[in-house]
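Working notes for the structure below.
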Amino acid sequence: MSSNTNNNTNQAPAGASAAAVAEAVTEHILSRKNSGTQINTLPYVPTGQNDETQARMMQAMFSPTSVVAAKPTTATTTAAAAASHRQWHRFDQSQIKVLLLESVSPVAIQTLEAAGYQVESVKGALSEAELVERIQDVHVLGIRSKTKVTATVLAAARRLLVIGCFCIGTNQVDLAAASKRGVAVFNSPYANSRSVAEMTLANIINLSRQLGDRNNEMHKGEWNKVSKGCYEVRGKTLGIIGYGHIGSQLSVLAEALGIRVVYHDVIQIMPLGSARQLRSLDEVLGCADFVTLHVPETPDTKLMMGVKELAKMKKGSYLINASRGTVVDIDALAGALRAGHLAGCAVDVYPWEPATNGPLFESPLVGCPNTLLSPHIGGSTEEAQRAIGLEVSRALVSWVAEGVSFGSVNLPGLALKPLVPNPMTIRVTNIHRNVPGVLRKINLLLAEFNIERQSSDSNGEVAYLVADVTLDQGKLEDQLRTVHEGISKLEENIMVRVFY
Ligand SMILES: NC(=O)c1ccc[n+]([C@@H]2O[C@H](COP(=O)([O-])OP(=O)(O)OC[C@H]3O[C@@H](n4cnc5c(N)ncnc54)[C@H](O)[C@@H]3O)[C@@H](O)[C@H]2O)c1
Ligand SMILES: O=C(O)[C@H](O)COP(=O)(O)O
């Protein structure tokens with residue numbers, strides 16, 4: 001294998017400095033993005049190259065379209081395999097850079113460090129401009145609900161392979177832009193559902209007994225023993241909007257207290273216990289003593305509780321919002337509370353939330369009667385954060401190290417068997433545009449080898465294919481190159497990675 005194996009036209013000339021090499025690679029990536037053409041760099045690096053070539057090829061290797069990962073060394077790897085792999089500059093897990101924001105659980109840091117990655121953890125969220133600056137060399141980004149990953153951020157994320165949302169919601173990520181760039185997004189779909197359901201139940205009882213107001217008075221030294229306007233929750237009606245993981249969990253807990261449960265959801269969902277699905281939001285608003293929101297942030301749920309909807313709620317009823325701040329018109333809610341139409345509210349999420357802890361919160365709800373405000377802590381329990389930390393960090397490692405997309409919220413989820421422990425078997429993974437004929441082109445490239453297994457699935461505009469392919473003894477280098485280059489050059493290609 002000659003030292004001039006990288007035949008991309010934008011590569012730095014021989015003898016170029018490390019800085020020039022980095023520039024050349026950057027330029028190459030930009031030109032690809034601008035022109036829509038595909039990167040044609042060789043991601044695997046033959047040994048025995050001079051430092052410059054190594055540096056250049058490492059740069060190429062860590063561009064997002066051409067990472068090649070090696071199988072982690074396992075007990076089953078034979079000496080022959082090791083010898084064979086020694087011909088190549090292996091993908092080094094310690095090169096993977098992880099940026100975690102918003103105080104992600106320490107258990108996630110441990111998992112990612114155990115995988116060999118370089119992990120940087122930041123307490124708060126970052127603004128778009130800060131993230132654009134920080135993300136350029138990052139392969140793995142971990143966030144919670146606050147950090148917005150916009151198309152602009154993604155455009156700056158030249159090396160990004162994956163985003164982990166260490167929470168349920170994924171509305172903070174431009175999922176379509178991520179898919180188009182071959183960036184997988186994972187979340188934790190239900191590890192904090194129970195925590196939110198329990199807090200909502202606590203809020204229902206607290207509102208019904210005006211415990212927030214009594215607590216505030218006592219802290220000011222005021223003894224105010226009253227029963228007027230305070231009720232048991234037994235026999236009252238709870239209206240749940242969004243009967244998903246959280247809504248249905250709450251339904252069960254509430255019925256155990258003797259609360260009647262009705263719900264509204266855009267899809268037909270089997271009621272748990274004695275709960276009843278009503279036909280419309282209005283029907284729920286008209287009969288519930290407590291209305292609680294558990295919908296995702298979507299164009300349809302934006303301001304779904306506005307002036308009109310609040311007016312349709314029963315006089316003296318209560319509203320609880322632990323979903324997303326955009327779902328409720330917060331000025332209208334403050335108006336309904338001050339006018340005495342609503343008897344109270346509990347709010348955990350806001351249209352604007354501070355990026356860090358500190359005395360930064362402002363809201364029209366401050367000072368409203370019987371109003372319980374919490375700083376977006378519905379899912380913030382030790383149990384939930386630990387479970388989320390483990391679940392998401394494991395998904396990130398499986399994606400980076402083996403191309404496993406199962407559980408991805410933006411790419412088709414393929415549950416894959418582990419890599420075959422055969423030194424000649426490689427795993428080819430390819431994200432491509434979902435257009436007619438593309439699978440035929442890929443399979444033409446793979447056809448001359450033994451395909452051990454293959455899966456593919458599509459998800460609107462994007463499809464994902466994984467093939468475990470056994471190459472021929474002694475021809476690994478050439479065949480790897482043929483497969484990688486061939487797929488890279490396809491006009492439908494978004495991202496190709498080969499694991500060996
Ligand atoms: N406060 C917190 O800390 C916290 C924690 C976890 C989740 N959340 C928020 O709660 C939301 C719900 O979580 P989940 O796990 O129950 O989600 P889920 O996806 O399991 O359930 C959401 C339900 O809402 C329904 N829905 C969607 N649009 C609707 C509409 N317009 N009208 C009625 N129903 C609609 C869906 O069909 C689904 O059944 C999350 O998307 C997240 O934004 C907040
Ligand atoms: O989407 C979620 O899971 C909740 O809103 C919790 O978000 P957080 O991790 O930022 O507290």
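A note on labels: chains of the structure tokens are A, B, ... as shown, every chain counts residues from 1, and ligands are counted from 1 in their shown order.
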Residues up to 9 Å from ligand 1, counting only C-alpha atoms and all ligand atoms: could you list those as a ChimeraX atom specification? /A:145,167-171,189-193,195-197,240-249,263-269,280-281,293-302,304,321-325,347-349,375-380
Write out as a ChimeraX atom specification the residues lying within 8 Å of stretch 202-209 of chain A, counting only C-alpha atoms and excluding same-chain residues fewer than 4 positions away. /A:198,229-233,290,318,320,344-346,370-372
With C-alpha atoms retained, could you export that selection as an mmCIF file, in the first residue's frame?
data_model
loop_
_atom_site.group_PDB
_atom_site.id
_atom_site.type_symbol
_atom_site.label_atom_id
_atom_site.label_comp_id
_atom_site.auth_asym_id
_atom_site.auth_seq_id
_atom_site.Cartn_x
_atom_site.Cartn_y
_atom_site.Cartn_z
ATOM 1 C CA GLU A 198 -45.485 11.075 41.334
ATOM 2 C CA GLY A 229 -61.725 26.133 49.480
ATOM 3 C CA CYS A 230 -59.735 23.067 50.641
ATOM 4 C CA TYR A 231 -60.887 19.641 49.480
ATOM 5 C CA GLU A 232 -60.104 15.949 49.555
ATOM 6 C CA VAL A 233 -59.132 14.555 46.156
ATOM 7 C CA PHE A 290 -57.928 18.913 37.723
ATOM 8 C CA TYR A 318 -56.878 23.507 38.694
ATOM 9 C CA ILE A 320 -51.043 21.333 36.062
ATOM 10 C CA GLY A 344 -54.800 27.163 41.394
ATOM 11 C CA CYS A 345 -52.085 25.793 39.159
ATOM 12 C CA ALA A 346 -48.834 23.850 39.366
ATOM 13 C CA ASN A 370 -52.408 28.974 45.016
ATOM 14 C CA THR A 371 -49.691 28.663 42.402
ATOM 15 C CA LEU A 372 -46.984 26.029 42.788
#
Please return as number ranges by chain: the residues of stretch 121-244 of chain A that backbone DSSP assigns to strand (DSSP E). A: 121, 140-143, 162-165, 184-186, 237-241
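Shortest atom-to-atom contact with ligand 2 among A:Val498, A:Ala125, A:Val284, A:Leu310: A:Ala125, counting only C-alpha atoms and all ligand atoms.
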Report, in Å with one decimal, the straight-line distance from atom CA of A:Pro359 to atom CA of A:Ser103. 18.2 Å
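Excluding A:Pro364 itself and same-chain residues fewer than 3 positions from it, the residues having an atom within 12 Å of it are Asp329, Ile330, Asp331, Ala332, Leu333, Ala334, Gly335, Ala336, Leu337, Arg338, Val347, Tyr350, Pro351, Trp352, Phe361, Gly367, Cys368, Pro369, Thr371 and Leu373 of chain A, counting only C-alpha atoms.
The shell of residues at most 7 Å from A:Gln136, with only C-alpha atoms counted and near chain neighbours (fewer than 6 positions) removed, consists of Ala156, Ala157, Arg158 and Arg159 of chain A.
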